[in-house]
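*Asks:* Supplied in structure tokens, the structure appears directly below.
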Amino acid sequence: MTVGSEEFKKAMQLWASGVAVVTSQSEKFGVRGMTVTAFSSVSAEPPQILVCLNQSVDTGEGIDENQRFAVNILNDRQQDVSNQFSGGSSQEERFANTAWHVGTTGVPILNESLMSLECKVMEKVRAGTHWIIIGEVLASNCRSGEPLLYFRGNYRQLADSLSENTASVD
Ligand SMILES: Cc1cc2nc3c(=O)[nH]c(=O)nc-3n(C[C@H](O)[C@H](O)[C@H](O)COP(=O)(O)O)c2cc1C
């Protein structure tokens with residue numbers, strides 16, 4: 001027994017998440033990037049994360065060629081960036097309309113993002129229509145701000161102040 005895709009998507013809309021832009025750079029494809037919510041921390045030692053990318057997306061080709069990618073966690077003023085990188089604009093326009101620079105490992109880093117991780121591909125696992133890409137984190141950069149959130153198919157913002165509700169993960 002299994003659930004249908006519509007029922008599954010409806011259920012997954014109740015998973016609240018942050019929003020990230022995964023970027024890649026390669027000789028053949030240039031700079032590429034796409035919006036994702038399927039991002040997770042995997043391990044601290046060694047530092048590893050994962051992203052799940054549809055097999056049909058452009059950005060995956062750049063990751064395959066260069067074996068490097070970045071995850072840029074968006075802040076609450078970057079809804080427009082999320083829309084552009086999820087198909088609202090061409091790859092050229094996405095990078096022309098967003099301030100970015102080349103990170104220490106050669107991947108595109110979005111200047112305003114709340115946090116960025118530069119990764120090298122450790123493993124790529126096929127699952128249904130998607131690739132699960134596990135990356136080791138080579139560099140990280142944190143900036144000030146609040147995160148952009150996604151819930152029930154809509155962008156959201158944190159309602160309460162972090163200083164009042166800081167949860168320790170130690
Ligand atoms: C909020 C949001 C979250 C998304 N999350 C994912 C995701 O986790 N994985 C994925 O493959 N596509 C995701 N998408 C869809 C891609 O961003 C979209 O298909 C994108 O245009 C693919 O990039 P491409 O132009 O490189 O093909 C998401 C879209 C939105 C709006």
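Note on naming: chains are A, B, ... as they come in the structure tokens, residues start from 1 per chain, ligands start from 1 in the order shown.
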Using only C-alpha atoms and all ligand atoms, which protein or nucleic acid residues are at most 7 Å from ligand 1, as a PDB file with C-alpha atoms, in the first residue's frame?
*Replies:*
ATOM      1  CA  VAL A  19      14.426  28.206   1.775  1.00  0.00           C
ATOM      2  CA  ARG A  32      23.579  27.941 -12.325  1.00  0.00           C
ATOM      3  CA  GLY A  33      21.242  27.995  -9.363  1.00  0.00           C
ATOM      4  CA  MET A  34      17.875  26.809  -8.109  1.00  0.00           C
ATOM      5  CA  THR A  35      15.587  27.188  -5.114  1.00  0.00           C
ATOM      6  CA  VAL A  36      15.257  24.222  -2.747  1.00  0.00           C
ATOM      7  CA  THR A  37      13.542  23.410   0.501  1.00  0.00           C
ATOM      8  CA  ALA A  38      14.887  19.835   0.513  1.00  0.00           C
ATOM      9  CA  PHE A  39      18.032  20.559   2.524  1.00  0.00           C
ATOM     10  CA  VAL A  51      20.027  18.413  -0.849  1.00  0.00           C
ATOM     11  CA  CYS A  52      17.437  16.670  -3.033  1.00  0.00           C
ATOM     12  CA  LEU A  53      17.339  17.832  -6.655  1.00  0.00           C
ATOM     13  CA  ASN A  54      14.917  16.798  -9.369  1.00  0.00           C
ATOM     14  CA  SER A  56      15.605  17.325 -14.727  1.00  0.00           C
ATOM     15  CA  VAL A  57      17.040  20.519 -13.235  1.00  0.00           C
ATOM     16  CA  ASP A  58      19.810  22.534 -14.933  1.00  0.00           C
ATOM     17  CA  THR A  59      21.809  23.060 -11.757  1.00  0.00           C
ATOM     18  CA  SER A  82      13.514  32.447  -4.329  1.00  0.00           C
ATOM     19  CA  ASN A  83      10.921  33.131  -7.052  1.00  0.00           C
ATOM     20  CA  PHE A  85      15.636  30.829  -8.848  1.00  0.00           C
ATOM     21  CA  SER A  86      12.574  28.573  -8.975  1.00  0.00           C
ATOM     22  CA  GLY A  87      11.816  29.274 -12.613  1.00  0.00           C
ATOM     23  CA  GLN A  91      19.718  31.236 -15.409  1.00  0.00           C
ATOM     24  CA  HIS A 130      15.244  13.029  -7.470  1.00  0.00           C
ATOM     25  CA  TYR A 150       8.050  28.086   3.625  1.00  0.00           C
TER      26      TYR A 150
END
*Asks:* Determine, counting only C-alpha atoms, which protein, DNA and RNA residues have an atom within 8 Å of an atom of Leu114 of chain A; residues of the same chain fewer than 4 positions away are not included. Present the result as a PyMOL selection string.
*Replies:* chain A and resi 72-75+142-147
*Asks:* Select, from A:Met122, A:Leu117, A:Ala127, A:Val102, the residue with the minimum atom-to-atom distance to Val22 of chain A, counting only C-alpha atoms.
*Replies:* A:Leu117
*Asks:* Please return as a PyMOL selection string: the residues of segment 12-136 of chain A that backbone DSSP assigns to helix (DSSP H, G or I).
*Replies:* chain A and resi 12+58-66+79-88+91-96
*Asks:* Please produce an output containing N, CA and C atoms for each residue in the selection, written as a PDB file, in the first residue's frame.
*Replies:*
ATOM      1  N   MET A  12       3.112  16.864   2.844  1.00  0.00           N
ATOM      2  CA  MET A  12       4.428  17.505   2.953  1.00  0.00           C
ATOM      3  C   MET A  12       4.333  19.021   3.091  1.00  0.00           C
ATOM      4  N   ASP A  58      18.549  22.057 -14.325  1.00  0.00           N
ATOM      5  CA  ASP A  58      19.810  22.534 -14.933  1.00  0.00           C
ATOM      6  C   ASP A  58      20.989  22.476 -13.970  1.00  0.00           C
ATOM      7  N   THR A  59      20.723  22.872 -12.725  1.00  0.00           N
ATOM      8  CA  THR A  59      21.809  23.060 -11.757  1.00  0.00           C
ATOM      9  C   THR A  59      22.573  21.758 -11.499  1.00  0.00           C
ATOM     10  N   GLY A  60      21.864  20.633 -11.603  1.00  0.00           N
ATOM     11  CA  GLY A  60      22.490  19.331 -11.375  1.00  0.00           C
ATOM     12  C   GLY A  60      23.636  19.059 -12.336  1.00  0.00           C
ATOM     13  N   GLU A  61      23.515  19.544 -13.582  1.00  0.00           N
ATOM     14  CA  GLU A  61      24.582  19.298 -14.575  1.00  0.00           C
ATOM     15  C   GLU A  61      25.883  19.975 -14.159  1.00  0.00           C
ATOM     16  N   GLY A  62      25.744  21.199 -13.632  1.00  0.00           N
ATOM     17  CA  GLY A  62      26.934  21.934 -13.173  1.00  0.00           C
ATOM     18  C   GLY A  62      27.586  21.244 -11.988  1.00  0.00           C
ATOM     19  N   ILE A  63      26.745  20.698 -11.098  1.00  0.00           N
ATOM     20  CA  ILE A  63      27.286  19.983  -9.923  1.00  0.00           C
ATOM     21  C   ILE A  63      28.013  18.724 -10.383  1.00  0.00           C
ATOM     22  N   ASP A  64      27.415  18.027 -11.355  1.00  0.00           N
ATOM     23  CA  ASP A  64      28.053  16.795 -11.866  1.00  0.00           C
ATOM     24  C   ASP A  64      29.419  17.092 -12.458  1.00  0.00           C
ATOM     25  N   GLU A  65      29.509  18.205 -13.197  1.00  0.00           N
ATOM     26  CA  GLU A  65      30.780  18.494 -13.877  1.00  0.00           C
ATOM     27  C   GLU A  65      31.878  18.892 -12.892  1.00  0.00           C
ATOM     28  N   ASN A  66      31.514  19.752 -11.959  1.00  0.00           N
ATOM     29  CA  ASN A  66      32.543  20.338 -11.087  1.00  0.00           C
ATOM     30  C   ASN A  66      32.673  19.637  -9.732  1.00  0.00           C
ATOM     31  N   GLN A  79      12.461  36.806  -0.832  1.00  0.00           N
ATOM     32  CA  GLN A  79      11.380  36.057  -1.491  1.00  0.00           C
ATOM     33  C   GLN A  79      11.501  36.163  -3.013  1.00  0.00           C
ATOM     34  N   ASP A  80      11.862  37.356  -3.480  1.00  0.00           N
ATOM     35  CA  ASP A  80      12.005  37.574  -4.917  1.00  0.00           C
ATOM     36  C   ASP A  80      13.131  36.696  -5.500  1.00  0.00           C
ATOM     37  N   VAL A  81      14.212  36.556  -4.720  1.00  0.00           N
ATOM     38  CA  VAL A  81      15.329  35.700  -5.151  1.00  0.00           C
ATOM     39  C   VAL A  81      14.834  34.260  -5.274  1.00  0.00           C
ATOM     40  N   SER A  82      14.055  33.804  -4.291  1.00  0.00           N
ATOM     41  CA  SER A  82      13.514  32.447  -4.329  1.00  0.00           C
ATOM     42  C   SER A  82      12.649  32.253  -5.565  1.00  0.00           C
ATOM     43  N   ASN A  83      11.804  33.244  -5.878  1.00  0.00           N
ATOM     44  CA  ASN A  83      10.921  33.131  -7.052  1.00  0.00           C
ATOM     45  C   ASN A  83      11.726  33.080  -8.348  1.00  0.00           C
ATOM     46  N   GLN A  84      12.754  33.909  -8.435  1.00  0.00           N
ATOM     47  CA  GLN A  84      13.568  33.910  -9.654  1.00  0.00           C
ATOM     48  C   GLN A  84      14.291  32.578  -9.834  1.00  0.00           C
ATOM     49  N   PHE A  85      14.847  32.065  -8.755  1.00  0.00           N
ATOM     50  CA  PHE A  85      15.636  30.829  -8.848  1.00  0.00           C
ATOM     51  C   PHE A  85      14.760  29.569  -8.878  1.00  0.00           C
ATOM     52  N   SER A  86      13.430  29.762  -8.847  1.00  0.00           N
ATOM     53  CA  SER A  86      12.574  28.573  -8.975  1.00  0.00           C
ATOM     54  C   SER A  86      11.851  28.568 -10.319  1.00  0.00           C
ATOM     55  N   GLY A  87      12.372  29.335 -11.265  1.00  0.00           N
ATOM     56  CA  GLY A  87      11.816  29.274 -12.613  1.00  0.00           C
ATOM     57  C   GLY A  87      11.270  30.599 -13.107  1.00  0.00           C
ATOM     58  N   GLY A  88      11.198  31.609 -12.238  1.00  0.00           N
ATOM     59  CA  GLY A  88      10.686  32.924 -12.637  1.00  0.00           C
ATOM     60  C   GLY A  88      11.592  33.626 -13.636  1.00  0.00           C
ATOM     61  N   GLN A  91      18.498  31.323 -16.226  1.00  0.00           N
ATOM     62  CA  GLN A  91      19.718  31.236 -15.409  1.00  0.00           C
ATOM     63  C   GLN A  91      20.509  32.539 -15.490  1.00  0.00           C
ATOM     64  N   GLU A  92      20.614  33.128 -16.688  1.00  0.00           N
ATOM     65  CA  GLU A  92      21.378  34.383 -16.852  1.00  0.00           C
ATOM     66  C   GLU A  92      20.756  35.488 -16.004  1.00  0.00           C
ATOM     67  N   GLU A  93      19.416  35.612 -16.076  1.00  0.00           N
ATOM     68  CA  GLU A  93      18.727  36.673 -15.322  1.00  0.00           C
ATOM     69  C   GLU A  93      18.858  36.460 -13.809  1.00  0.00           C
ATOM     70  N   ARG A  94      18.783  35.201 -13.384  1.00  0.00           N
ATOM     71  CA  ARG A  94      18.882  34.922 -11.943  1.00  0.00           C
ATOM     72  C   ARG A  94      20.161  35.537 -11.373  1.00  0.00           C
ATOM     73  N   PHE A  95      21.266  35.341 -12.088  1.00  0.00           N
ATOM     74  CA  PHE A  95      22.551  35.839 -11.563  1.00  0.00           C
ATOM     75  C   PHE A  95      22.778  37.312 -11.880  1.00  0.00           C
ATOM     76  N   ALA A  96      22.113  37.819 -12.933  1.00  0.00           N
ATOM     77  CA  ALA A  96      22.245  39.249 -13.245  1.00  0.00           C
ATOM     78  C   ALA A  96      21.470  40.087 -12.228  1.00  0.00           C
TER      79      ALA A  96
END
*Asks:* Which of segment 16-106 of chain A counts as strand (DSSP E) under DSSP, as a count of residues only please?
*Replies:* 37
*Asks:* Please determine, counting only C-alpha atoms, which residue among A:Ser24, A:Thr2, A:Gln48, A:Ser43 has the shortest atom-to-atom distance to Gly106 of chain A.
*Replies:*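 Closest to Gly106 of chain A, using only C-alpha atoms: A:Ser24.
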*Asks:* With distances taken over only C-alpha atoms, which of A:Val125, A:Ile132, A:Val31, A:Leu50 is nearest to His101 of chain A?
*Replies:* A:Val31
*Asks:* Between atom CA of Trp131 of chain A and atom CA of Ile49 of chain A, what is the distance, to one decimal in Å?
*Replies:*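 Atom CA of Ile49 of chain A lies 13.6 Å from atom CA of Trp131 of chain A.
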